[in-house]
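Dropping input_22.cif in here (mmCIF, C-alpha atoms):
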data_query
loop_
_atom_site.label_atom_id
_atom_site.label_comp_id
_atom_site.auth_asym_id
_atom_site.auth_seq_id
_atom_site.Cartn_x
_atom_site.Cartn_y
_atom_site.Cartn_z
CA MET A 1105 140.15 56.46 -22.59
CA SER A 1106 139.36 57.35 -18.98
CA GLU A 1107 136.67 55.39 -17.05
CA PRO A 1108 133.42 57.25 -16.54
CA VAL A 1109 133.26 58.97 -13.22
CA GLU A 1110 130.47 57.63 -11.00
CA SER A 1111 127.57 59.99 -11.24
CA THR A 1112 127.43 62.38 -8.33
CA SER A 1113 123.87 63.30 -9.19
CA ARG A 1114 122.39 60.12 -7.64
CA LEU A 1115 119.25 61.19 -5.82
CA LEU A 1116 119.86 59.33 -2.53
CA THR A 1117 122.84 57.87 -0.81
CA GLU A 1118 122.91 54.20 0.20
CA ARG A 1119 121.98 55.05 3.78
CA GLN A 1120 119.16 57.31 2.64
CA ARG A 1121 117.80 54.59 0.32
CA LYS A 1122 117.73 52.13 3.23
CA LEU A 1123 115.96 54.66 5.39
CA ALA A 1124 113.42 55.39 2.62
CA GLY A 1125 112.84 51.67 2.10
CA PHE A 1126 112.28 51.19 5.81
CA ALA A 1127 109.86 54.15 5.88
CA ILE A 1128 107.89 52.83 2.90
CA GLY A 1129 107.75 49.35 4.44
CA PHE A 1130 106.65 50.76 7.80
CA VAL A 1131 103.91 52.88 6.18
CA SER A 1132 102.75 49.88 4.12
CA LEU A 1133 102.62 47.72 7.24
CA ALA A 1134 100.69 50.43 9.08
CA ILE A 1135 98.17 50.66 6.22
CA ILE A 1136 97.74 46.86 6.15
CA LEU A 1137 97.20 46.76 9.93
CA TRP A 1138 94.73 49.65 9.67
CA LEU A 1139 92.79 47.87 6.92
CA LEU A 1140 92.76 44.66 8.96
CA GLY A 1141 91.57 46.60 12.00
CA GLN A 1142 88.81 48.28 10.00
CA SER A 1143 87.74 44.94 8.53
CA PHE A 1144 87.66 43.36 11.97
CA SER A 1145 85.73 46.33 13.36
CA LEU A 1146 83.14 46.07 10.58
CA PHE A 1147 82.84 42.33 11.16
CA ALA A 1148 82.41 42.85 14.92
CA ASP A 1149 79.76 45.52 14.28
CA PHE A 1150 77.98 43.11 11.94
CA ILE A 1151 78.03 40.37 14.60
CA GLY A 1152 76.82 42.77 17.28
CA HIS A 1153 74.04 44.22 15.13
CA PHE A 1154 72.70 40.86 13.95
CA SER A 1155 73.50 38.91 17.13
CA SER A 1156 69.81 38.25 17.81
CA VAL A 1157 69.64 36.46 14.44
CA LEU A 1158 73.05 34.79 14.56
CA TRP A 1159 73.15 33.35 18.09
CA PRO A 1160 70.22 30.89 17.61
CA ILE A 1161 71.71 29.36 14.46
CA THR A 1162 75.21 29.38 16.00
CA THR A 1163 73.92 27.65 19.13
CA ALA A 1164 72.06 25.07 17.05
CA GLY A 1165 75.10 24.48 14.83
CA VAL A 1166 77.43 23.87 17.76
CA ALA A 1167 74.86 21.65 19.50
CA ALA A 1168 74.44 19.64 16.28
CA LEU A 1169 78.19 19.06 16.03
CA VAL A 1170 78.29 17.94 19.67
CA LEU A 1171 75.21 15.68 19.45
CA ARG A 1172 75.84 14.18 16.01
CA PRO A 1173 77.78 11.16 17.40
CA ALA A 1174 74.73 10.24 19.54
CA VAL A 1175 72.45 10.31 16.47
CA THR A 1176 74.97 8.28 14.49
CA LEU A 1177 75.15 5.73 17.32
CA LEU A 1178 71.37 5.28 17.34
CA GLU A 1179 71.32 4.99 13.57
CA ASP A 1180 74.25 2.60 13.10
CA ARG A 1181 74.13 0.41 16.22
CA LEU A 1182 70.37 0.24 16.85
CA LYS A 1183 69.38 0.44 13.15
CA PHE A 1184 66.92 3.32 13.55
CA SER A 1185 66.26 5.67 10.68
CA ARG A 1186 67.86 9.10 10.77
CA VAL A 1187 64.55 10.81 11.58
CA ALA A 1188 63.72 8.26 14.30
CA SER A 1189 67.20 8.66 15.82
CA VAL A 1190 66.78 12.43 16.05
CA VAL A 1191 63.26 12.10 17.51
CA ILE A 1192 64.48 9.56 20.12
CA LEU A 1193 67.35 11.88 21.07
CA TYR A 1194 64.89 14.77 21.45
CA ALA A 1195 62.64 12.58 23.61
CA LEU A 1196 65.52 11.56 25.88
CA VAL A 1197 66.61 15.18 26.28
CA ALA A 1198 63.00 16.23 26.98
CA LEU A 1199 62.64 13.54 29.67
CA ALA A 1200 65.91 14.53 31.31
CA PHE A 1201 64.99 18.22 31.18
CA GLY A 1202 61.50 17.51 32.48
CA GLY A 1203 62.89 15.53 35.40
CA PHE A 1204 65.30 18.37 36.11
CA LEU A 1205 62.41 20.86 36.12
CA LEU A 1206 60.33 18.75 38.49
CA LEU A 1207 63.09 17.83 40.94
CA ILE A 1208 65.58 20.70 40.93
CA ILE A 1209 63.93 23.86 39.61
CA PRO A 1210 61.54 24.42 42.59
CA ALA A 1211 64.47 24.32 45.04
CA ILE A 1212 66.56 26.57 42.78
CA VAL A 1213 63.74 29.11 42.42
CA GLU A 1214 63.16 29.15 46.18
CA GLN A 1215 66.85 29.67 46.93
CA LEU A 1216 67.14 32.30 44.18
CA LEU A 1217 64.28 34.34 45.62
CA ASP A 1218 65.75 33.99 49.12
CA PHE A 1219 69.15 35.07 47.80
CA ILE A 1220 67.67 38.18 46.14
CA ALA A 1221 65.86 39.05 49.37
CA PHE A 1222 69.02 38.48 51.43
CA ALA A 1223 71.34 40.58 49.22
CA PRO A 1224 70.34 43.95 50.84
CA VAL A 1225 70.98 42.39 54.27
CA VAL A 1226 74.53 41.48 53.24
CA TRP A 1227 75.09 45.01 51.91
CA GLU A 1228 73.78 46.55 55.13
CA ARG A 1229 75.95 44.31 57.30
CA ALA A 1230 78.97 45.10 55.16
CA ASN A 1231 78.39 48.83 55.64
CA VAL A 1232 78.03 48.41 59.39
CA TYR A 1233 81.17 46.26 59.61
CA VAL A 1234 83.32 48.66 57.58
CA THR A 1235 82.02 51.67 59.53
CA ALA A 1236 82.77 50.00 62.87
CA HIS A 1237 86.18 48.54 62.04
CA TYR A 1238 87.61 50.94 59.47
CA PRO A 1239 86.30 54.43 60.25
CA ALA A 1240 89.42 56.03 58.77
CA TRP A 1241 88.53 54.59 55.36
CA ILE A 1242 85.02 56.02 55.60
CA GLU A 1243 86.44 59.43 56.49
CA VAL A 1244 88.86 59.36 53.54
CA VAL A 1245 86.15 58.29 51.11
CA ALA A 1246 83.72 60.93 52.41
CA ARG A 1247 86.36 63.67 52.16
CA HIS A 1248 87.44 62.83 48.61
CA ALA A 1249 83.95 62.06 47.33
CA GLU A 1250 83.30 65.82 47.19
CA ASN A 1251 86.21 66.34 44.82
CA GLU A 1252 84.91 67.20 41.32
CA THR A 1253 87.61 65.10 39.62
CA ILE A 1254 86.72 62.06 41.73
CA LYS A 1255 83.04 62.61 40.99
CA SER A 1256 83.67 62.70 37.24
CA ILE A 1257 85.80 59.54 37.42
CA LEU A 1258 83.11 57.71 39.40
CA THR A 1259 80.43 58.87 36.95
CA SER A 1260 82.51 57.67 34.02
CA LEU A 1261 83.22 54.35 35.74
CA SER A 1262 79.52 53.88 36.48
CA GLY A 1263 78.72 54.46 32.82
CA GLU A 1264 81.34 51.92 31.74
CA ILE A 1265 79.91 49.31 34.13
CA LYS A 1266 76.40 49.90 32.80
CA THR A 1267 77.69 49.55 29.24
CA LEU A 1268 79.50 46.31 30.14
CA VAL A 1269 76.42 44.86 31.82
CA GLY A 1270 74.27 45.89 28.90
CA GLY A 1271 76.63 44.14 26.50
CA THR A 1272 76.61 40.78 28.27
CA VAL A 1273 73.37 39.76 26.57
CA PRO A 1274 73.61 41.18 23.06
CA SER A 1275 70.25 39.87 21.90
CA LEU A 1276 68.42 41.69 24.68
CA LYS A 1277 70.59 44.73 24.22
CA ALA A 1278 69.76 44.88 20.54
CA ALA A 1279 66.07 44.22 20.99
CA GLY A 1280 65.49 46.26 24.15
CA MET A 1281 64.17 45.15 27.52
CA GLY A 1282 60.52 45.82 26.80
CA ALA A 1283 57.78 43.34 26.01
CA LEU A 1284 58.73 43.30 22.32
CA GLY A 1285 62.38 42.58 23.21
CA LEU A 1286 61.40 39.72 25.50
CA PHE A 1287 59.13 38.33 22.81
CA GLY A 1288 61.99 38.49 20.29
CA PHE A 1289 64.34 36.72 22.68
CA ALA A 1290 61.73 34.02 23.37
CA ALA A 1291 61.17 33.57 19.64
CA SER A 1292 64.90 33.28 19.00
CA LEU A 1293 65.22 30.74 21.81
CA ALA A 1294 62.27 28.72 20.50
CA ILE A 1295 63.73 28.44 17.02
CA VAL A 1296 66.97 26.82 18.25
CA PRO A 1297 65.41 23.30 18.48
CA ILE A 1298 64.04 23.71 14.94
CA TYR A 1299 67.46 24.63 13.54
CA LEU A 1300 68.98 21.80 15.56
CA PHE A 1301 66.48 19.24 14.23
CA PHE A 1302 67.33 19.96 10.59
CA PHE A 1303 71.07 20.14 11.28
CA LEU A 1304 70.96 16.70 12.94
CA LEU A 1305 69.00 15.25 10.01
CA SER A 1306 71.79 16.13 7.62
CA ARG A 1307 74.45 13.48 7.08
CA ARG A 1308 76.76 15.81 5.19
CA ASP A 1309 80.22 16.55 6.50
CA PRO A 1310 80.29 20.35 6.96
CA THR A 1311 83.71 20.53 5.31
CA GLY A 1312 83.39 17.60 2.91
CA SER A 1313 82.82 19.69 -0.23
CA LEU A 1314 84.67 22.79 0.94
CA GLY A 1315 87.67 22.11 -1.29
CA THR A 1316 85.55 21.98 -4.45
CA GLN A 1317 84.01 25.35 -3.57
CA LEU A 1318 87.40 27.08 -3.26
CA THR A 1319 88.66 26.50 -6.79
CA PHE A 1320 89.73 30.16 -7.03
CA LEU A 1321 92.55 29.33 -4.58
CA GLN A 1322 95.77 27.60 -5.55
CA GLY A 1323 96.23 23.95 -4.60
CA GLU A 1324 98.41 24.32 -1.49
CA VAL A 1325 96.56 27.38 -0.23
CA ARG A 1326 93.22 25.60 -0.71
CA LYS A 1327 94.46 22.60 1.27
CA ASP A 1328 95.62 24.89 4.07
CA VAL A 1329 92.26 26.68 4.22
CA VAL A 1330 90.36 23.38 4.33
CA PHE A 1331 92.72 22.10 7.04
CA LEU A 1332 92.20 25.23 9.15
CA VAL A 1333 88.41 25.08 8.84
CA GLN A 1334 88.38 21.38 9.76
CA ASN A 1335 90.72 22.09 12.68
CA PHE A 1336 88.47 24.92 13.88
CA ILE A 1337 85.38 22.68 13.81
CA GLU A 1338 87.24 19.96 15.74
CA ILE A 1339 88.29 22.52 18.35
CA VAL A 1340 84.71 23.84 18.67
CA VAL A 1341 83.26 20.35 19.10
CA SER A 1342 85.85 19.11 21.59
CA PHE A 1343 85.79 22.38 23.54
CA PHE A 1344 82.04 22.63 24.01
CA ARG A 1345 81.54 18.90 24.56
CA GLY A 1346 84.27 18.88 27.19
CA GLN A 1347 83.47 22.25 28.74
CA LEU A 1348 79.78 21.42 29.21
CA LEU A 1349 80.71 18.21 31.04
CA ILE A 1350 83.37 19.99 33.10
CA GLY A 1351 80.92 22.79 33.99
CA LEU A 1352 78.31 20.27 35.13
CA ILE A 1353 80.79 18.37 37.31
CA MET A 1354 82.19 21.58 38.78
CA GLY A 1355 78.65 22.79 39.54
CA LEU A 1356 77.89 19.59 41.44
CA LEU A 1357 81.21 19.72 43.33
CA LEU A 1358 80.69 23.37 44.28
CA THR A 1359 77.12 22.65 45.40
CA VAL A 1360 78.23 19.77 47.63
CA GLY A 1361 81.18 21.78 48.95
CA PHE A 1362 79.11 24.87 49.77
CA TRP A 1363 76.48 22.71 51.47
CA ALA A 1364 79.13 20.86 53.49
CA VAL A 1365 80.73 24.05 54.88
CA GLY A 1366 77.35 25.66 55.65
CA LEU A 1367 77.16 28.39 52.98
CA LYS A 1368 73.63 29.62 52.33
CA PHE A 1369 72.03 29.14 48.91
CA ALA A 1370 74.49 26.34 48.06
CA LEU A 1371 72.33 24.80 45.32
CA VAL A 1372 71.64 27.92 43.27
CA LEU A 1373 75.19 29.26 43.69
CA GLY A 1374 76.91 25.97 42.86
CA LEU A 1375 74.88 25.21 39.74
CA THR A 1376 75.01 28.80 38.49
CA LEU A 1377 78.78 28.97 38.87
CA GLY A 1378 79.10 25.59 37.16
CA ILE A 1379 77.16 26.91 34.17
CA LEU A 1380 79.28 30.06 34.09
CA ASN A 1381 82.41 27.89 33.98
CA ILE A 1382 81.47 27.00 30.41
CA ILE A 1383 83.38 30.24 29.86
CA PRO A 1384 86.77 29.36 31.43
CA TYR A 1385 87.42 31.04 34.80
CA LEU A 1386 84.27 33.19 34.61
CA GLY A 1387 82.46 31.06 37.19
CA THR A 1388 85.43 31.25 39.55
CA ILE A 1389 85.82 35.04 39.18
CA VAL A 1390 82.10 35.70 39.70
CA GLY A 1391 81.86 33.06 42.41
CA LEU A 1392 84.65 34.50 44.55
CA SER A 1393 83.16 38.00 44.35
CA VAL A 1394 79.72 36.71 45.45
CA THR A 1395 80.33 33.82 47.84
CA LEU A 1396 83.16 35.27 49.96
CA PRO A 1397 81.18 38.34 51.11
CA LEU A 1398 78.14 36.11 51.61
CA ALA A 1399 80.18 33.66 53.73
CA PHE A 1400 81.53 36.47 55.89
CA PHE A 1401 78.28 38.41 56.43
CA GLN A 1402 75.64 35.68 56.52
CA THR A 1403 74.15 34.62 59.84
CA GLU A 1404 76.71 32.48 61.72
CA GLY A 1405 79.28 33.48 59.13
CA GLY A 1406 82.71 35.00 59.65
CA TRP A 1407 86.36 34.40 58.91
CA VAL A 1408 86.12 30.64 59.44
CA LEU A 1409 83.29 30.20 56.93
CA LEU A 1410 85.04 32.54 54.49
CA ALA A 1411 88.21 30.42 54.72
CA LEU A 1412 86.22 27.20 54.25
CA THR A 1413 84.41 28.65 51.22
CA LEU A 1414 87.72 29.72 49.71
CA ALA A 1415 89.07 26.22 50.37
CA VAL A 1416 86.13 24.76 48.43
CA PHE A 1417 87.03 26.95 45.45
CA VAL A 1418 90.70 26.01 45.65
CA LEU A 1419 89.88 22.30 45.90
CA VAL A 1420 87.39 22.31 43.01
CA GLN A 1421 89.69 24.42 40.85
CA ASN A 1422 92.54 21.98 41.44
CA ILE A 1423 90.31 19.02 40.60
CA GLU A 1424 89.33 20.79 37.40
CA GLY A 1425 92.89 21.78 36.48
CA TRP A 1426 94.69 18.56 37.39
CA PHE A 1427 92.07 15.91 36.66
CA LEU A 1428 88.93 16.99 34.77
CA THR A 1429 90.46 19.06 31.98
CA PRO A 1430 93.37 16.68 31.23
CA LYS A 1431 91.07 13.62 31.26
CA ILE A 1432 88.12 15.12 29.37
CA MET A 1433 89.72 17.64 27.01
CA GLY A 1434 93.38 16.69 27.07
CA GLU A 1435 95.64 19.34 25.56
CA ARG A 1436 93.25 20.15 22.72
CA THR A 1437 93.57 23.90 22.90
CA GLY A 1438 97.12 24.05 24.29
CA LEU A 1439 96.64 27.59 25.60
CA HIS A 1440 98.24 29.06 28.71
CA PRO A 1441 95.76 30.12 31.45
CA VAL A 1442 96.84 33.78 31.08
CA VAL A 1443 96.14 33.59 27.34
CA ILE A 1444 92.72 32.05 28.06
CA ILE A 1445 91.74 34.83 30.48
CA PHE A 1446 92.93 37.52 28.06
CA ALA A 1447 91.12 35.84 25.15
CA VAL A 1448 87.82 35.69 27.05
CA PHE A 1449 87.84 39.43 27.75
CA PHE A 1450 89.27 40.36 24.33
CA TRP A 1451 86.70 38.48 22.26
CA GLY A 1452 83.93 39.52 24.64
CA ALA A 1453 84.81 43.16 23.99
CA ALA A 1454 85.34 42.56 20.27
CA PHE A 1455 81.92 40.98 19.73
CA ASN A 1456 80.12 43.18 22.28
CA GLY A 1457 78.91 40.50 24.63
CA ILE A 1458 78.77 36.97 25.84
CA LEU A 1459 78.79 35.38 22.35
CA GLY A 1460 82.43 36.45 21.94
CA MET A 1461 83.30 35.20 25.43
CA ILE A 1462 81.81 31.77 24.70
CA LEU A 1463 83.68 31.47 21.39
CA ALA A 1464 86.90 32.99 22.76
CA ILE A 1465 88.84 29.75 23.24
CA PRO A 1466 87.97 28.13 19.88
CA LEU A 1467 88.72 31.39 18.04
CA THR A 1468 92.04 31.88 19.83
CA ALA A 1469 93.07 28.26 19.32
CA PHE A 1470 92.18 28.62 15.62
CA PHE A 1471 94.37 31.69 15.16
CA VAL A 1472 97.23 30.04 17.07
CA THR A 1473 96.96 27.01 14.76
CA ALA A 1474 96.85 29.27 11.68
CA TRP A 1475 99.93 31.17 12.85
CA ARG A 1476 101.87 27.97 13.52
CA LEU A 1477 100.92 26.61 10.09
CA ALA A 1478 101.98 29.87 8.41
CA GLN A 1479 105.30 29.82 10.31
CA GLN A 1480 105.96 26.23 9.29
CA LYS A 1481 105.02 26.52 5.62
CA TYR A 1482 105.65 30.13 4.62
CA PHE A 1483 108.07 31.75 7.11
CA SER A 1484 110.50 28.93 7.88
CA ALA A 1485 114.01 29.36 6.54
#
What's the structure tokens form of this structure?
Amino acid sequence: MSEPVESTSRLLTERQRKLAGFAIGFVSLAIILWLLGQSFSLFADFIGHFSSVLWPITTAGVAALVLRPAVTLLEDRLKFSRVASVVILYALVALAFGGFLLLIIPAIVEQLLDFIAFAPVVWERANVYVTAHYPAWIEVVARHAENETIKSILTSLSGEIKTLVGGTVPSLKAAGMGALGLFGFAASLAIVPIYLFFFLLSRRDPTGSLGTQLTFLQGEVRKDVVFLVQNFIEIVVSFFRGQLLIGLIMGLLLTVGFWAVGLKFALVLGLTLGILNIIPYLGTIVGLSVTLPLAFFQTEGGWVLLALTLAVFVLVQNIEGWFLTPKIMGERTGLHPVVIIFAVFFWGAAFNGILGMILAIPLTAFFVTAWRLAQQKYFSA
């Protein structure tokens, strides 16, 4: 009896089946990525829309995690009650802040007002300098400024800049800049100490009972989720505790450096840039764009003062990179500087403002940790 001949009516050849499988897999992957993108977009819209409600409780939560060891120290070592420990901590912070207001704020306000008044002078001197030394540039700009395409590009760019500036303070953007918006911002700011007080009173570990609330997950998956949440909280605490201290030290170093080289408004510029360095590299980027023109065009300024101001930045940045960050934060985030810069702008754009920029490093470090865990446990051969 002859063997049955292999059916020639098979729908697809082997090569065609592989191609169809690849196409189905590619389409499935595209759909999954699209769904993830839509979910992320909805989450970002939710954060942006309710940012005026979320940022006070987020600020209080992070501050509570950072300050909890101080409360525990007062409670355990000095035998104060929990409520008394929190009240004493509030009193110490109030005294320090009050002393700062009395000693530093008047000088800062005076320099800030002088800086605002001096800004048009710098702009005028810059125009005169460019016109005198680079007339060809002025001629080129004037000739091409009449081009309709250039005009449309400049208009579009101006709109993008306005949108970016408007998104830097999401609470004000959402509430508006009128009296009602300012009142809402003030109310949100005033409620932060109240949230913080109740968070500090609690002795509960934020993740202590998380495992018992995730019973719908399998054992290993539940352990991984709890580990990732605990890791994220540790990153947030260490990052903000370290970055606040680093920003303060950098602000003082920049202030002293600017004063030593003769840059105007050293106090307000140094402290402001130190605060901005809570977001990695933001203080340096903003500082270079503000202080270098100021150093060149201020009275008795010029190339020498510009070079000295740049040297101050280089010196402080090296102190931060080689000494402050390794000693204070160690390698907690383990992120490359390029990744940090990209993350700051990515999360800032994703969450429509400064809240995303502030949380950029903890969020990025969390996802890097999650990916490494997934590689180790689920994708390793």
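Here CA of Leu1419 in chain A stands at a distance of 13.3 Å from CA of Leu1392 in chain A.
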query: For Leu1375 in chain A, which residue among A:Ser1306, A:Thr1473, A:Thr1359, A:Gln1317 is the nearest when counting only C-alpha atoms?
result: A:Thr1359
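Nearest-residue note for Ser1342 in chain A: choosing from A:Pro1430, A:Gly1460, A:Pro1466, A:Pro1160, the minimum distance belongs to A:Pro1466, counting only C-alpha atoms.
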- request: On this file, the PyMOL selection byres ((chain A and resi 1365) around 10) gives some set of residues; write that set as a PyMOL selection string.
  value: chain A and resi 1360-1364+1366-1368+1370+1399+1408-1413+1415-1416
message: Ranking A:Val1131, A:Leu1318, A:Met1354, A:Val1170 by minimum distance to Phe1427 in chain A and counting only C-alpha atoms, which one comes first?
response: A:Met1354
Would you translate the PyMOL selection byres ((chain A and resi 1347) around 9) into the concrete set of residues it matches in this file, as a PDB file with C-alpha atoms, keeping the file's coordinate frame?
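Output contents, as saved in expr_39.pdb:
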ATOM      1  CA  SER A1342      85.850  19.110  21.590  1.00  0.00           C
ATOM      2  CA  PHE A1343      85.790  22.380  23.540  1.00  0.00           C
ATOM      3  CA  PHE A1344      82.040  22.630  24.010  1.00  0.00           C
ATOM      4  CA  ARG A1345      81.540  18.900  24.560  1.00  0.00           C
ATOM      5  CA  GLY A1346      84.270  18.880  27.190  1.00  0.00           C
ATOM      6  CA  LEU A1348      79.780  21.420  29.210  1.00  0.00           C
ATOM      7  CA  LEU A1349      80.710  18.210  31.040  1.00  0.00           C
ATOM      8  CA  ILE A1350      83.370  19.990  33.100  1.00  0.00           C
ATOM      9  CA  GLY A1351      80.920  22.790  33.990  1.00  0.00           C
ATOM     10  CA  LEU A1352      78.310  20.270  35.130  1.00  0.00           C
ATOM     11  CA  ASN A1381      82.410  27.890  33.980  1.00  0.00           C
ATOM     12  CA  ILE A1382      81.470  27.000  30.410  1.00  0.00           C
ATOM     13  CA  ILE A1383      83.380  30.240  29.860  1.00  0.00           C
ATOM     14  CA  PRO A1384      86.770  29.360  31.430  1.00  0.00           C
ATOM     15  CA  THR A1429      90.460  19.060  31.980  1.00  0.00           C
ATOM     16  CA  ILE A1432      88.120  15.120  29.370  1.00  0.00           C
ATOM     17  CA  MET A1433      89.720  17.640  27.010  1.00  0.00           C
TER      18      MET A1433
END
field: Minimum-distance residue to Ala1464 in chain A, chosen among A:Ile1339, A:Ile1208, A:Val1372, A:Val1418 (using only C-alpha atoms)
entry: A:Ile1339
On this file, the PyMOL selection byres ((chain A and resi 1300) around 8) gives some set of residues; write that set as a PDB file with C-alpha atoms, in the frame of the given file.
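Wrote out36.pdb, looks like this:
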ATOM      1  CA  ALA A1164      72.060  25.070  17.050  1.00  0.00           C
ATOM      2  CA  GLY A1165      75.100  24.480  14.830  1.00  0.00           C
ATOM      3  CA  ALA A1167      74.860  21.650  19.500  1.00  0.00           C
ATOM      4  CA  ALA A1168      74.440  19.640  16.280  1.00  0.00           C
ATOM      5  CA  VAL A1296      66.970  26.820  18.250  1.00  0.00           C
ATOM      6  CA  PRO A1297      65.410  23.300  18.480  1.00  0.00           C
ATOM      7  CA  ILE A1298      64.040  23.710  14.940  1.00  0.00           C
ATOM      8  CA  TYR A1299      67.460  24.630  13.540  1.00  0.00           C
ATOM      9  CA  PHE A1301      66.480  19.240  14.230  1.00  0.00           C
ATOM     10  CA  PHE A1302      67.330  19.960  10.590  1.00  0.00           C
ATOM     11  CA  PHE A1303      71.070  20.140  11.280  1.00  0.00           C
ATOM     12  CA  LEU A1304      70.960  16.700  12.940  1.00  0.00           C
TER      13      LEU A1304
END
message: Taking 6 positions as the minimum chain separation for residues in the same chain, which residues sit within 7 Å of Met1461 in chain A when counting only C-alpha atoms? Answer as a ChimeraX atom specification.
response: /A:1383,1448-1449,1451-1452
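With distances restricted to all atoms listed in the file, A:Pro1397 is the closest residue to Asn1231 in chain A from A:Pro1397, A:Gly1425, A:Gly1378, A:Gly1406.
Relative to CA of Trp1426 in chain A, CA of Gly1374 in chain A is found at 20.0 Å.
Interatomic distance, CA of Leu1177 in chain A against CA of Val1190 in chain A: 10.8 Å.
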field: Counting all atoms listed in the file, the residue of A:Phe1184, A:Phe1130, A:Phe1219, A:Phe1147 that sits nearest Leu1373 in chain A
entry: A:Phe1219
message: Distance cut-off 12 Å, centre (74.2, 36.6, 55.0) in file coordinates, counting all atoms listed in the file: which residues qualify? Return them as a PyMOL selection string.
response: chain A and resi 1218-1230+1366-1369+1394-1406+1409-1410
